[in-house]
Structure formats: structure tokens, C-alpha cells
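Novice: Structure file entry-v8.cif (mmCIF, C-alpha atoms; chains and numbers go by the auth columns) is given on the next line.
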```
data_start
loop_
_atom_site.group_PDB
_atom_site.id
_atom_site.type_symbol
_atom_site.label_atom_id
_atom_site.label_comp_id
_atom_site.label_asym_id
_atom_site.label_seq_id
_atom_site.Cartn_x
_atom_site.Cartn_y
_atom_site.Cartn_z
_atom_site.B_iso_or_equiv
_atom_site.auth_seq_id
_atom_site.auth_asym_id
ATOM 1 C CA THR A 1 -42.285 -39.143 64.852 0.00 30 A
ATOM 2 C CA LEU A 2 -38.622 -39.199 64.085 0.00 31 A
ATOM 3 C CA THR A 3 -36.378 -36.794 65.970 0.00 32 A
ATOM 4 C CA VAL A 4 -33.260 -35.378 64.332 0.00 33 A
ATOM 5 C CA SER A 5 -30.993 -32.391 64.886 0.00 34 A
ATOM 6 C CA GLU A 6 -31.523 -29.176 62.923 0.00 35 A
ATOM 7 C CA ASP A 7 -28.416 -29.863 60.816 0.00 36 A
ATOM 8 C CA VAL A 8 -29.680 -33.318 59.865 0.00 37 A
ATOM 9 C CA ARG A 9 -33.127 -31.914 59.072 0.00 38 A
ATOM 10 C CA GLN A 10 -31.578 -29.339 56.746 0.00 39 A
ATOM 11 C CA GLN A 11 -29.611 -32.096 55.012 0.00 40 A
ATOM 12 C CA ILE A 12 -32.776 -34.153 54.503 0.00 41 A
ATOM 13 C CA GLU A 13 -34.503 -31.056 53.069 0.00 42 A
ATOM 14 C CA ARG A 14 -31.653 -30.603 50.564 0.00 43 A
ATOM 15 C CA TRP A 15 -31.914 -34.253 49.527 0.00 44 A
ATOM 16 C CA ALA A 16 -35.710 -33.972 49.180 0.00 45 A
ATOM 17 C CA ARG A 17 -35.321 -30.992 46.802 0.00 46 A
ATOM 18 C CA SER A 18 -32.446 -32.469 44.826 0.00 47 A
ATOM 19 C CA SER A 19 -32.694 -32.784 41.076 0.00 48 A
ATOM 20 C CA THR A 20 -29.456 -34.757 40.808 0.00 49 A
ATOM 21 C CA LEU A 21 -30.017 -37.588 43.310 0.00 50 A
ATOM 22 C CA PRO A 22 -31.777 -40.730 42.086 0.00 51 A
ATOM 23 C CA HIS A 23 -35.567 -40.613 42.456 0.00 52 A
ATOM 24 C CA ARG A 24 -35.604 -43.365 45.095 0.00 53 A
ATOM 25 C CA GLN A 25 -33.320 -41.318 47.362 0.00 54 A
ATOM 26 C CA VAL A 26 -35.404 -38.176 46.916 0.00 55 A
ATOM 27 C CA GLN A 27 -38.551 -40.185 47.703 0.00 56 A
ATOM 28 C CA ARG A 28 -36.965 -41.621 50.850 0.00 57 A
ATOM 29 C CA SER A 29 -35.917 -38.136 51.918 0.00 58 A
ATOM 30 C CA ARG A 30 -39.454 -36.841 51.458 0.00 59 A
ATOM 31 C CA ILE A 31 -40.782 -39.686 53.583 0.00 60 A
ATOM 32 C CA LEU A 32 -38.364 -38.924 56.413 0.00 61 A
ATOM 33 C CA LEU A 33 -38.916 -35.186 56.164 0.00 62 A
ATOM 34 C CA ALA A 34 -42.648 -35.764 56.600 0.00 63 A
ATOM 35 C CA LEU A 35 -41.994 -38.086 59.545 0.00 64 A
ATOM 36 C CA VAL A 36 -39.779 -35.476 61.182 0.00 65 A
ATOM 37 C CA SER A 37 -42.590 -32.938 60.692 0.00 66 A
ATOM 38 C CA GLY A 38 -44.932 -35.207 62.636 0.00 67 A
ATOM 39 C CA SER A 39 -47.213 -36.358 59.817 0.00 68 A
ATOM 40 C CA SER A 40 -48.942 -39.707 60.162 0.00 69 A
ATOM 41 C CA SER A 41 -47.879 -42.705 58.095 0.00 70 A
ATOM 42 C CA SER A 42 -51.242 -42.763 56.341 0.00 71 A
ATOM 43 C CA ALA A 43 -51.029 -39.090 55.382 0.00 72 A
ATOM 44 C CA ILE A 44 -47.463 -39.486 54.131 0.00 73 A
ATOM 45 C CA ALA A 45 -48.361 -42.573 52.098 0.00 74 A
ATOM 46 C CA ARG A 46 -51.300 -40.784 50.450 0.00 75 A
ATOM 47 C CA ALA A 47 -49.349 -37.597 49.739 0.00 76 A
ATOM 48 C CA LEU A 48 -46.327 -39.373 48.247 0.00 77 A
ATOM 49 C CA GLY A 49 -48.093 -42.249 46.526 0.00 78 A
ATOM 50 C CA VAL A 50 -46.381 -45.011 48.494 0.00 79 A
ATOM 51 C CA SER A 51 -47.716 -47.669 50.835 0.00 80 A
ATOM 52 C CA ARG A 52 -47.944 -47.249 54.599 0.00 81 A
ATOM 53 C CA GLU A 53 -45.627 -50.247 54.827 0.00 82 A
ATOM 54 C CA THR A 54 -42.973 -48.335 52.857 0.00 83 A
ATOM 55 C CA VAL A 55 -43.286 -45.392 55.245 0.00 84 A
ATOM 56 C CA ARG A 56 -43.087 -47.693 58.259 0.00 85 A
ATOM 57 C CA ARG A 57 -40.000 -49.496 56.956 0.00 86 A
ATOM 58 C CA TRP A 58 -38.097 -46.296 56.219 0.00 87 A
ATOM 59 C CA HIS A 59 -39.056 -44.909 59.612 0.00 88 A
ATOM 60 C CA GLU A 60 -37.696 -48.009 61.336 0.00 89 A
ATOM 61 C CA ARG A 61 -34.552 -48.135 59.216 0.00 90 A
ATOM 62 C CA ALA A 62 -33.749 -44.442 59.756 0.00 91 A
ATOM 63 C CA ALA A 63 -34.344 -44.771 63.502 0.00 92 A
ATOM 64 C CA ARG A 64 -32.103 -47.846 63.660 0.00 93 A
ATOM 65 C CA GLU A 65 -29.322 -46.904 61.203 0.00 94 A
ATOM 66 C CA GLY A 66 -29.523 -43.109 60.910 0.00 95 A
ATOM 67 C CA VAL A 67 -30.658 -40.929 58.052 0.00 96 A
ATOM 68 C CA GLU A 68 -27.510 -41.580 56.011 0.00 97 A
ATOM 69 C CA THR A 69 -29.096 -44.932 55.242 0.00 98 A
ATOM 70 C CA LEU A 70 -31.275 -43.062 52.720 0.00 99 A
ATOM 71 C CA LEU A 71 -28.361 -42.903 50.347 0.00 100 A
ATOM 72 C CA ARG A 72 -27.616 -46.616 50.391 0.00 101 A
ATOM 73 C CA ASP A 73 -29.567 -49.519 48.987 0.00 102 A
ATOM 74 C CA ARG A 74 -29.321 -52.709 50.924 0.00 103 A
ATOM 75 C CA PRO A 75 -27.220 -55.460 49.356 0.00 104 A
ATOM 76 C CA GLY A 76 -29.142 -57.608 46.935 0.00 105 A
ATOM 77 C CA ARG A 77 -31.527 -54.834 45.871 0.00 106 A
ATOM 78 C CA GLY A 78 -31.842 -53.528 42.347 0.00 107 A
ATOM 79 C CA ARG A 79 -31.122 -55.002 38.981 0.00 108 A
ATOM 80 C CA ARG A 80 -28.966 -58.090 38.839 0.00 109 A
ATOM 81 C CA PRO A 81 -25.826 -57.964 36.704 0.00 110 A
ATOM 82 C CA GLY A 82 -26.331 -59.360 33.221 0.00 111 A
ATOM 83 C CA ARG A 83 -24.661 -62.515 32.037 0.00 112 A
ATOM 84 C CA SER A 84 -22.053 -62.434 29.365 0.00 113 A
ATOM 85 C CA ALA A 85 -22.459 -64.550 26.246 0.00 114 A
#
```
Please go through the file and, once you have read it, give me the structure as C-alpha cells.
Specialist:
Amino acid sequence: TLTVSEDVRQQIERWARSSTLPHRQVQRSRILLALVSGSSSSAIARALGVSRETVRRWHERAAREGVETLLRDRPGRGRRPGRSA
């Protein structure tokens, strides 16, 4: 399980319900919210349609870097810039 303060938990809940944040950030928030609730990685993966490895990685990253890491993609992730003609 992941342990966070009540204020941080409320923030994660807001992110998980957001209709304006990108889907990937909402998904990450839902993963962490389930971890904070004490759900197992397998149960979270099944419920959210992600792999157990995804759950494990976000658990480790949040524990190491804090929950604010949900809002940032690591450098080098995502679509590469296009080339000009």
C-alpha cells in the first residue's frame, strides 16, 4: 500500500474524477487511489484494464518521487516532434 496524507488523497481523488486532465493522468490517479485504498496490484490491473507491471511501476514512482509525478511524463516519452520539409 501507498500511504499519503488526507490532503494528498483528496487531490488524487480530484484528479481521478477530472474531465479536463489528459486520460493518462486520470488513469495514473486511479491507479494510485486504488493503491492508497489497499487494493492489490492484480485487482487494480483487472479493474482498470492495465498490466500489473504498470501498477507496480506507478507505485514505485509515486513512492520515490511523490504523487505530483502523476502530472509529468518522463523525458523522452510521447510523440516525437515532426521534421520540417
Novice: May I ask for the distance between atom CA of Arg75 of chain A and atom CA of Asp36 of chain A, given in Å to one decimal place?
Specialist: 27.4 Å
Novice: What is the atom CA of Val33 of chain A-atom CA of Val65 of chain A distance in Å, reported with one decimal?
Specialist: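 That distance, rounded to one decimal, is 7.2 Å.
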Novice: Any chance you could work out the residue set of the PyMOL selection byres ((chain A and resi 43-48) around 10) here, as a ChimeraX atom specification?
Specialist: /A:37-42,49-52,54-62,99-100
Novice: For atom CA of Arg85 of chain A and atom CA of Ser70 of chain A, quote the distance in Å rounded to one decimal.
Specialist: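 If I compute the distance from atom CA of Arg85 of chain A to atom CA of Ser70 of chain A, I get 6.9 Å.
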Novice: Using all atoms listed in the file, find the one residue out of A:Ser34, A:Leu64, A:Ala72, A:Gly111 that sits nearest to Arg86 of chain A.
Specialist: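 Residue with the minimum atom-to-atom distance to Arg86 of chain A: A:Leu64.
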